[in-house]
file run33.cif (mmCIF, C-alpha atoms and all ligand atoms)
data_work
loop_
_atom_site.label_atom_id
_atom_site.label_comp_id
_atom_site.auth_asym_id
_atom_site.auth_seq_id
_atom_site.Cartn_x
_atom_site.Cartn_y
_atom_site.Cartn_z
CA MET A 246 131.46 107.53 104.45
CA LYS A 247 133.32 108.97 101.46
CA ARG A 248 132.29 108.67 97.83
CA ARG A 249 133.24 105.31 96.36
CA VAL A 250 134.33 104.72 92.77
CA ILE A 251 132.33 102.19 90.72
CA CYS A 252 134.21 102.89 87.49
CA ALA A 253 135.87 105.90 85.88
CA GLY A 254 133.50 108.85 86.15
CA VAL A 255 130.87 107.00 88.18
CA GLU A 256 130.75 107.11 91.98
CA TRP A 257 128.46 105.93 94.75
CA LEU A 258 127.51 108.39 97.42
CA GLY A 259 124.78 108.39 100.00
CA VAL A 260 124.17 107.12 103.51
CA VAL A 261 123.99 103.76 105.25
CA ASP A 262 121.21 104.07 107.84
CA TRP A 263 122.22 101.33 110.28
CA ASN A 264 119.69 102.17 112.96
CA ARG A 265 116.47 102.72 111.05
CA ARG A 266 113.90 100.14 112.12
CA LEU A 267 110.65 101.33 110.52
CA PHE A 268 109.67 102.69 107.12
CA ASP A 269 106.46 104.54 106.22
CA ALA A 270 105.47 104.06 109.90
CA LEU A 271 104.58 100.51 108.85
CA ILE A 272 107.36 98.39 107.37
CA PRO A 273 109.89 96.83 109.79
CA LEU A 274 113.54 97.25 108.79
CA PRO A 275 115.32 94.53 110.79
CA ASP A 276 118.59 95.16 108.94
CA GLY A 277 118.45 98.94 108.49
CA THR A 278 118.72 100.40 104.99
CA SER A 279 120.74 102.74 102.81
CA TYR A 280 119.92 105.70 100.58
CA ASN A 281 122.19 105.47 97.54
CA ALA A 282 122.88 108.35 95.19
CA TYR A 283 125.28 108.32 92.25
CA LEU A 284 127.53 110.90 90.65
CA VAL A 285 128.18 110.60 86.91
CA ARG A 286 130.79 112.89 85.37
CA GLY A 287 131.17 113.31 81.62
CA THR A 288 133.72 115.45 79.86
CA GLU A 289 131.24 118.32 79.66
CA LYS A 290 128.53 117.88 82.28
CA THR A 291 128.00 116.33 85.69
CA ALA A 292 124.84 114.63 86.94
CA LEU A 293 123.74 113.58 90.41
CA LEU A 294 121.24 110.73 90.41
CA ASP A 295 118.85 110.89 93.40
CA THR A 296 119.59 112.20 96.89
CA VAL A 297 118.99 110.89 100.42
CA ASP A 298 116.42 110.90 103.22
CA PRO A 299 116.03 114.45 104.60
CA PRO A 300 117.63 113.84 108.05
CA MET A 301 120.77 112.61 106.23
CA THR A 302 121.20 115.67 104.00
CA ASP A 303 124.29 116.93 105.83
CA GLN A 304 126.15 113.71 105.05
CA LEU A 305 125.38 114.09 101.35
CA LEU A 306 126.53 117.70 101.42
CA ARG A 307 129.86 116.64 102.97
CA GLN A 308 130.34 114.12 100.14
CA LEU A 309 129.73 116.92 97.63
CA GLU A 310 132.10 119.47 99.21
CA ASP A 311 134.68 119.09 96.43
CA VAL A 312 132.13 118.90 93.61
CA PRO A 313 131.97 122.48 92.29
CA ARG A 314 129.20 122.07 89.75
CA ILE A 315 126.22 119.83 89.11
CA ASP A 316 124.42 120.40 85.83
CA TYR A 317 121.66 117.83 86.20
CA LEU A 318 119.95 116.33 89.21
CA VAL A 319 117.96 113.24 88.21
CA SER A 320 115.00 112.22 90.37
CA HIS A 321 113.99 108.63 89.65
CA HIS A 322 111.28 108.61 92.30
CA ALA A 323 109.51 111.38 94.22
CA GLU A 324 109.34 109.56 97.57
CA GLN A 325 111.19 111.52 100.19
CA ASP A 326 113.83 108.91 101.03
CA HIS A 327 115.35 109.70 97.61
CA SER A 328 114.01 113.15 96.84
CA GLY A 329 114.06 114.72 100.31
CA ALA A 330 117.41 116.47 99.88
CA ILE A 331 116.60 117.84 96.41
CA PRO A 332 115.62 121.34 97.65
CA THR A 333 118.97 121.66 99.45
CA ILE A 334 120.93 120.41 96.42
CA LEU A 335 119.11 122.83 94.11
CA ARG A 336 119.98 125.71 96.44
CA LYS A 337 123.65 124.63 96.59
CA TYR A 338 123.83 124.27 92.80
CA PRO A 339 121.65 127.07 91.33
CA GLU A 340 122.67 126.11 87.79
CA ALA A 341 121.39 122.55 88.17
CA GLN A 342 118.31 121.41 86.26
CA LEU A 343 116.11 118.77 87.87
CA LEU A 344 115.15 115.93 85.50
CA CYS A 345 112.27 113.53 86.14
CA SER A 346 109.43 111.67 84.45
CA PRO A 347 106.32 113.67 83.49
CA LYS A 348 104.32 112.03 86.28
CA ALA A 349 107.00 112.90 88.82
CA LYS A 350 106.97 116.65 88.21
CA PRO A 351 103.66 117.44 89.96
CA LEU A 352 104.56 115.04 92.77
CA LEU A 353 107.90 116.78 93.36
CA VAL A 354 106.19 120.18 93.30
CA ASP A 355 103.47 119.03 95.70
CA HIS A 356 105.64 117.09 98.14
CA LEU A 357 108.75 119.27 98.20
CA ASP A 358 107.37 122.67 97.18
CA LEU A 359 109.90 122.83 94.35
CA PRO A 360 109.80 125.66 91.78
CA PRO A 361 108.35 124.13 88.58
CA GLU A 362 110.72 126.17 86.40
CA ARG A 363 113.69 124.19 87.74
CA ILE A 364 112.16 120.90 86.57
CA LEU A 365 112.52 119.41 83.08
CA THR A 366 110.63 116.22 82.25
CA VAL A 367 112.22 113.44 80.20
CA GLU A 368 110.46 111.00 77.91
CA ASP A 369 110.82 107.24 77.90
CA GLY A 370 113.99 106.35 75.97
CA GLN A 371 115.23 109.94 75.83
CA GLU A 372 119.01 110.32 75.99
CA LEU A 373 121.18 113.05 77.44
CA SER A 374 124.92 113.27 76.75
CA LEU A 375 127.26 114.41 79.51
CA GLY A 376 130.24 114.05 77.16
CA GLY A 377 131.37 110.43 76.85
CA LYS A 378 128.62 109.39 79.27
CA THR A 379 125.04 109.03 78.09
CA LEU A 380 122.03 108.98 80.39
CA ARG A 381 119.16 107.02 78.84
CA PHE A 382 115.93 107.46 80.78
CA LEU A 383 113.58 104.49 80.99
CA HIS A 384 110.07 104.88 82.36
CA THR A 385 109.43 101.99 84.73
CA PRO A 386 106.15 102.84 86.46
CA TRP A 387 104.96 101.28 89.70
CA VAL A 388 108.27 100.02 90.98
CA HIS A 389 106.73 101.67 93.94
CA TRP A 390 104.87 104.84 92.83
CA PRO A 391 103.38 105.56 89.39
CA GLU A 392 106.11 108.03 88.38
CA THR A 393 109.19 105.82 88.87
CA MET A 394 111.90 105.62 86.22
CA CYS A 395 115.42 104.23 85.80
CA THR A 396 118.52 105.53 84.04
CA TYR A 397 120.78 103.38 81.89
CA LEU A 398 124.39 104.36 81.28
CA PRO A 399 125.39 102.41 78.16
CA GLU A 400 129.10 103.30 78.15
CA ASP A 401 129.54 101.58 81.53
CA GLN A 402 126.56 99.19 81.29
CA ILE A 403 125.01 100.37 84.55
CA LEU A 404 121.31 100.54 85.31
CA PHE A 405 120.41 102.99 88.08
CA SER A 406 117.13 101.55 89.26
CA CYS A 407 116.14 103.38 92.50
CA ASP A 408 113.58 101.24 94.43
CA PHE A 409 113.44 98.64 91.60
CA PHE A 410 115.68 95.68 92.63
CA GLY A 411 116.51 97.46 95.91
CA SER A 412 116.93 95.93 99.35
CA HIS A 413 116.60 97.39 102.82
CA LEU A 414 120.02 96.33 104.02
CA ALA A 415 122.59 98.37 105.91
CA THR A 416 126.06 97.12 105.02
CA SER A 417 129.54 98.50 104.46
CA GLN A 418 129.78 96.30 101.33
CA LEU A 419 129.32 98.22 98.10
CA TYR A 420 128.52 95.11 96.05
CA ALA A 421 126.08 92.27 96.59
CA GLY A 422 128.35 89.54 95.23
CA GLU A 423 126.65 86.22 95.80
CA ASP A 424 125.42 87.03 99.30
CA PRO A 425 122.07 85.21 99.73
CA GLU A 426 121.12 87.69 102.46
CA VAL A 427 120.85 90.41 99.79
CA LEU A 428 118.40 88.33 97.73
CA GLN A 429 116.30 87.68 100.83
CA ALA A 430 116.24 91.40 101.68
CA ALA A 431 115.38 92.21 98.05
CA LYS A 432 112.53 89.69 98.13
CA ARG A 433 111.17 91.26 101.31
CA TYR A 434 111.34 94.70 99.72
CA TYR A 435 109.65 93.51 96.51
CA ALA A 436 106.87 91.95 98.61
CA GLU A 437 106.32 95.06 100.68
CA ILE A 438 106.08 97.65 97.92
CA MET A 439 105.97 96.07 94.43
CA MET A 440 103.99 92.84 94.73
CA PRO A 441 100.64 94.63 94.29
CA PHE A 442 101.83 95.74 90.84
CA ARG A 443 103.58 92.53 89.79
CA LYS A 444 102.09 92.44 86.29
CA ILE A 445 103.47 95.92 85.59
CA VAL A 446 106.74 95.04 87.30
CA ALA A 447 106.98 92.04 84.95
CA LYS A 448 106.80 94.43 81.97
CA ASN A 449 109.51 96.58 83.49
CA ILE A 450 111.72 93.51 83.92
CA GLU A 451 111.28 92.71 80.25
CA LYS A 452 112.17 96.30 79.43
CA VAL A 453 115.52 96.24 81.23
CA ARG A 454 116.44 92.57 80.68
CA PRO A 455 117.78 93.03 77.11
CA LEU A 456 120.20 95.74 78.28
CA GLU A 457 123.87 94.89 78.50
CA LEU A 458 124.42 95.06 82.24
CA LYS A 459 127.57 94.98 84.34
CA TYR A 460 125.85 96.51 87.34
CA ILE A 461 122.39 97.26 88.65
CA ALA A 462 122.76 100.14 91.07
CA PRO A 463 119.61 100.55 93.20
CA SER A 464 118.97 103.31 95.71
CA HIS A 465 118.63 100.91 98.66
CA GLY A 466 121.13 98.19 99.52
CA PRO A 467 124.23 96.93 97.73
CA ILE A 468 124.97 97.25 94.00
CA TYR A 469 124.43 94.05 92.02
CA ASP A 470 127.67 93.08 90.31
CA ARG A 471 125.99 89.88 89.06
CA PRO A 472 122.77 91.46 87.79
CA GLY A 473 121.49 88.26 86.21
CA GLN A 474 120.79 86.83 89.68
CA ILE A 475 118.44 89.57 90.84
CA ILE A 476 116.69 89.71 87.47
CA ALA A 477 116.10 85.92 87.59
CA ALA A 478 114.81 86.20 91.16
CA TYR A 479 112.39 88.97 90.17
CA GLN A 480 111.19 86.91 87.22
CA GLN A 481 110.26 84.13 89.62
CA TRP A 482 108.56 86.47 92.10
CA VAL A 483 106.36 88.14 89.48
CA SER A 484 105.47 84.86 87.76
CA ASP A 485 102.15 83.11 88.39
CA ARG A 486 103.92 80.16 90.03
CA VAL A 487 103.25 79.38 93.67
CA SER A 488 104.92 76.89 96.00
CA ASN A 489 103.66 73.90 97.93
CA PHE A 490 103.50 76.28 100.85
CA ALA A 491 100.77 77.25 103.32
CA LEU A 492 100.74 80.20 105.71
CA VAL A 493 98.75 80.01 108.92
CA LEU A 494 97.99 83.41 110.49
CA TYR A 495 96.23 83.46 113.81
CA VAL A 496 95.63 84.97 117.20
CA SER A 497 94.25 83.09 120.15
CA MET A 498 92.61 84.64 123.21
CA HIS A 499 92.33 81.66 125.55
CA GLY A 500 94.20 78.93 123.71
CA SER A 501 91.48 77.09 121.77
CA THR A 502 92.30 78.59 118.38
CA GLU A 503 95.98 77.93 119.04
CA LEU A 504 95.25 74.25 119.75
CA MET A 505 93.53 74.08 116.37
CA VAL A 506 96.36 75.88 114.62
CA ASN A 507 99.02 73.64 116.13
CA TYR A 508 97.10 70.56 115.08
CA LEU A 509 96.63 71.82 111.52
CA VAL A 510 100.27 72.88 111.16
CA ALA A 511 101.41 69.38 112.12
CA ALA A 512 98.77 67.77 109.88
CA LEU A 513 99.97 69.82 106.90
CA ALA A 514 103.63 69.03 107.57
CA ASP A 515 102.77 65.32 107.87
CA ARG A 516 101.28 65.55 104.36
CA GLY A 517 104.37 67.13 102.82
CA VAL A 518 103.09 70.72 102.76
CA ARG A 519 105.62 73.34 103.78
CA VAL A 520 103.91 75.46 106.41
CA GLN A 521 104.74 78.69 108.25
CA LYS A 522 102.87 79.71 111.38
CA TYR A 523 102.44 83.40 112.29
CA GLU A 524 101.09 84.43 115.70
CA LEU A 525 99.88 87.88 114.70
CA SER A 526 100.45 89.76 117.94
CA SER A 527 104.21 89.31 117.47
CA THR A 528 104.58 89.01 113.71
CA ASP A 529 107.13 90.80 111.54
CA ILE A 530 104.83 91.85 108.72
CA GLY A 531 107.76 92.17 106.34
CA LYS A 532 108.54 88.47 106.77
CA LEU A 533 104.86 87.68 106.34
CA ALA A 534 104.79 89.75 103.13
CA MET A 535 107.85 87.88 101.87
CA ASP A 536 106.16 84.53 102.45
CA LEU A 537 103.05 85.76 100.63
CA VAL A 538 105.16 86.07 97.45
CA ASP A 539 104.88 82.37 96.68
CA ALA A 540 102.45 80.78 99.17
CA ALA A 541 99.62 78.78 97.59
CA THR A 542 97.32 78.75 100.63
CA LEU A 543 96.46 81.06 103.49
CA VAL A 544 94.76 79.71 106.60
CA VAL A 545 93.34 82.29 108.99
CA GLY A 546 92.79 81.32 112.62
CA THR A 547 90.58 83.60 114.67
CA PRO A 548 88.55 83.59 117.82
CA THR A 549 85.15 85.22 117.59
CA VAL A 550 85.12 88.70 119.14
CA HIS A 551 81.84 90.63 119.35
CA GLY A 552 80.36 88.34 116.73
CA GLY A 553 83.19 88.69 114.22
CA PRO A 554 86.84 87.93 113.63
CA HIS A 555 89.48 89.27 116.01
CA PRO A 556 90.44 92.87 114.98
CA VAL A 557 94.11 91.88 114.71
CA VAL A 558 93.13 89.21 112.18
CA PHE A 559 91.03 91.73 110.30
CA ALA A 560 94.03 94.09 110.05
CA ALA A 561 96.35 91.31 108.85
CA THR A 562 93.95 90.11 106.16
CA ASN A 563 93.45 93.70 105.06
CA LEU A 564 97.22 94.00 104.58
CA ALA A 565 97.28 90.67 102.73
CA LYS A 566 94.64 91.97 100.36
CA ALA A 567 96.53 95.22 99.75
CA LEU A 568 99.64 93.25 98.79
CA ARG A 569 97.65 91.25 96.18
CA PRO A 570 99.57 87.98 96.56
CA LYS A 571 99.18 84.98 94.24
CA LEU A 572 97.22 82.93 96.80
CA LYS A 573 95.10 80.17 95.29
CA TYR A 574 93.28 78.87 98.38
CA VAL A 575 91.99 80.16 101.68
CA ALA A 576 90.59 78.50 104.80
CA ILE A 577 89.28 79.92 108.06
CA ILE A 578 89.41 78.15 111.40
CA GLY A 579 88.71 79.24 114.96
CA SER A 580 86.82 79.00 118.18
CA TYR A 581 83.93 80.94 119.69
CA GLY A 582 82.78 81.39 123.25
CA TRP A 583 79.01 81.28 123.46
CA GLY A 584 77.67 82.02 120.01
CA GLY A 585 79.30 81.82 116.61
CA LYS A 586 78.42 83.20 113.23
CA GLU A 587 77.72 80.82 110.45
CA PRO A 588 80.91 80.14 108.47
CA GLU A 589 79.81 82.22 105.49
CA GLN A 590 79.08 85.14 107.78
CA ILE A 591 82.58 84.82 109.20
CA ARG A 592 83.90 84.73 105.65
CA GLU A 593 82.00 87.93 104.86
CA LEU A 594 83.41 89.56 107.94
CA ILE A 595 86.89 88.89 106.59
CA PRO A 596 86.16 90.33 103.16
CA ASN A 597 89.73 90.86 102.16
CA LEU A 598 90.79 87.30 101.54
CA GLN A 599 91.44 86.26 98.00
CA GLY A 600 91.47 82.76 96.60
CA GLU A 601 89.05 79.84 96.65
CA LEU A 602 87.60 79.20 100.10
CA LEU A 603 88.41 75.55 100.82
CA ASP A 604 86.81 75.15 104.20
CA THR A 605 85.84 76.72 107.50
CA VAL A 606 86.34 74.82 110.74
CA PHE A 607 84.88 76.36 113.88
CA CYS A 608 84.20 74.93 117.32
CA LYS A 609 82.63 76.11 120.55
CA GLY A 610 85.23 76.38 123.29
CA LEU A 611 87.94 73.75 123.30
CA PRO A 612 88.46 71.70 120.13
CA ARG A 613 87.56 68.03 120.53
CA GLN A 614 87.94 64.95 118.37
CA GLU A 615 85.29 66.08 115.90
CA THR A 616 87.18 69.34 115.30
CA PHE A 617 90.53 67.59 114.95
CA SER A 618 88.99 65.23 112.38
CA ALA A 619 87.73 68.24 110.45
CA LEU A 620 91.23 69.76 110.55
CA ASP A 621 92.67 66.49 109.22
CA GLY A 622 90.18 66.78 106.38
CA LEU A 623 91.23 70.38 105.70
CA ALA A 624 94.93 69.43 105.69
CA GLU A 625 94.18 66.63 103.23
CA ARG A 626 92.28 68.98 100.91
CA ILE A 627 95.11 71.53 100.97
CA ALA A 628 97.70 68.82 100.21
CA GLN A 629 95.58 67.50 97.34
CA LYS A 630 94.98 70.95 95.90
CA HIS A 631 98.69 71.73 96.02
CA ALA A 632 99.55 68.44 94.36
CA ALA A 633 97.12 69.25 91.55
CA LEU A 634 98.56 72.70 90.84
CA GLN A 635 100.23 72.69 87.45
CA ASP A 636 102.40 75.70 88.20
CA VAL A 637 103.66 74.76 91.65
CA SER A 638 107.35 75.45 92.18
CA PRO A 639 109.71 72.95 93.76
CA GLN A 640 110.11 73.63 97.48
CA LYS A 641 113.86 74.12 97.14
CA GLU A 642 113.33 77.13 94.87
CA HIS A 643 111.32 78.81 97.56
CA VAL A 644 114.03 78.17 100.15
CA ARG A 645 116.78 79.43 97.86
CA LEU A 646 115.07 82.70 97.03
FE1 LIG B 1 112.82 104.06 98.53
FE2 LIG B 1 109.64 104.31 97.36
O1 LIG B 1 111.20 104.90 98.17
#
call {"tool": "encode", "arguments": {"input": "run33.cif", "output": "structure tokens"}}
result
Amino acid sequence: MKRRVICAGVEWLGVVDWNRRLFDALIPLPDGTSYNAYLVRGTEKTALLDTVDPPMTDQLLRQLEDVPRIDYLVSHHAEQDHSGAIPTILRKYPEAQLLCSPKAKPLLVDHLDLPPERILTVEDGQELSLGGKTLRFLHTPWVHWPETMCTYLPEDQILFSCDFFGSHLATSQLYAGEDPEVLQAAKRYYAEIMMPFRKIVAKNIEKVRPLELKYIAPSHGPIYDRPGQIIAAYQQWVSDRVSNFALVLYVSMHGSTELMVNYLVAALADRGVRVQKYELSSTDIGKLAMDLVDAATLVVGTPTVHGGPHPVVFAATNLAKALRPKLKYVAIIGSYGWGGKEPEQIRELIPNLQGELLDTVFCKGLPRQETFSALDGLAERIAQKHAALQDVSPQKEHVRL
């Protein structure tokens, strides 16, 4: 793909990675991704903002064949999907100075073995003139790693945001327009890498929100040509509001736990609670993360294995803890074969759950009427708790975003 003009003196370049299906050996990418870089040319100097994932370096070099000089290479984020081609670019352009936040410098040296003398750190709010184009650097930590920053170009009202506001979406479209698929992909990406830091992300949103913005140009996914939409979506995601929404995660070895889960899912739906069921042996954890953004309740269904929860359940709850969602309530249900732990022991064996424990419902072998009655009681408690939440969002907001 050739460079594409955003406005005079500002171009997109980079790679659409249509076939990538996994990130960080963990995160599913059902729709691929892109690695966006940007070229900004002033009357005196030229800057390249970010690079691409290392295996894609040749494509970036082809896009730069007719660019004779780069004075500044800006690294917004030291992770290799944006920084991986920096060593090659610095060799191609020996005059180029690498600019980054103070926290990024040691990371770039450690991860890419870069010579420290080529790196110049920039302070929060510092400006650099390229001649008619000004780069204003804004420190926006924890929009993935601690060193992340953005660049604002006031003359063209563009915010180059790297992971912040990004989406893992492979598309030939340069702009997001009003495509709801982009917002969904952005929500998934926020959930996967930024949700644990949502209070800091909220401060970063407030930092960039007053800027005059025609475009937000992230380093994954399309450019936002209606930036107000993605900023409003982020404001909702980082807020303390949850939805009238329950997630049920479970595995079942011989069907008893699944019978309980199916009963509870129906009982919740009958009481007006939106519910999403995840069978963990075949779950897309990115979709699960996305649903954790605004779920009020998490129900974990597990058989007892060697006196504790199923290892797959343990792994899923560990991930849920790492993502630090806004969950208010938790419940645990399941079945055991010949001997079960007391509910509190089961709770202790799943130490990663956050939120108030509403109930535990366990049975020996197949669930019978007594168990189903207990599940009705649990569904009723969840519905009542959700109804009492002062900050619950209307269901339609959840569906829209
Ligand atoms: Fe797209 Fe945190 O790298």
call {"tool": "atom_distance", "arguments": {"input": "run33.cif", "atom1": "CA of Val575 (chain A)", "atom2": "CA of Lys532 (chain A)"}}
result
19.2 Å
call {"tool": "closest_residue", "arguments": {"input": "run33.cif", "among": "A:Gly422, A:Ser501, A:Val510, A:Thr379", "to": "Gly473 (chain A)", "atoms": "only C-alpha atoms"}}
result
A:Gly422
call {"tool": "residues_around", "arguments": {"input": "run33.cif", "residues": "Pro472 (chain A)", "least_positions_apart": "5", "cutoff": "10 Å", "atoms": "all atoms listed in the file", "output": "number ranges by chain"}}
result
A: 403-404, 410, 421-422, 454, 457-462, 477
call {"tool": "residues_near_point", "arguments": {"input": "run33.cif", "point": "(82.2, 79.8, 119.5)", "cutoff": "12 Å", "atoms": "all atoms listed in the file", "output": "VMD selection string"}}
result
chain A and resid 499 501 to 502 547 to 554 578 to 588 591 606 to 612
call {"tool": "atom_distance", "arguments": {"input": "run33.cif", "atom1": "CA of Ala341 (chain A)", "atom2": "CA of Lys290 (chain A)"}}
result
10.4 Å
call {"tool": "atom_distance", "arguments": {"input": "run33.cif", "atom1": "CA of Arg519 (chain A)", "atom2": "CA of Gly277 (chain A)"}}
result
29.0 Å
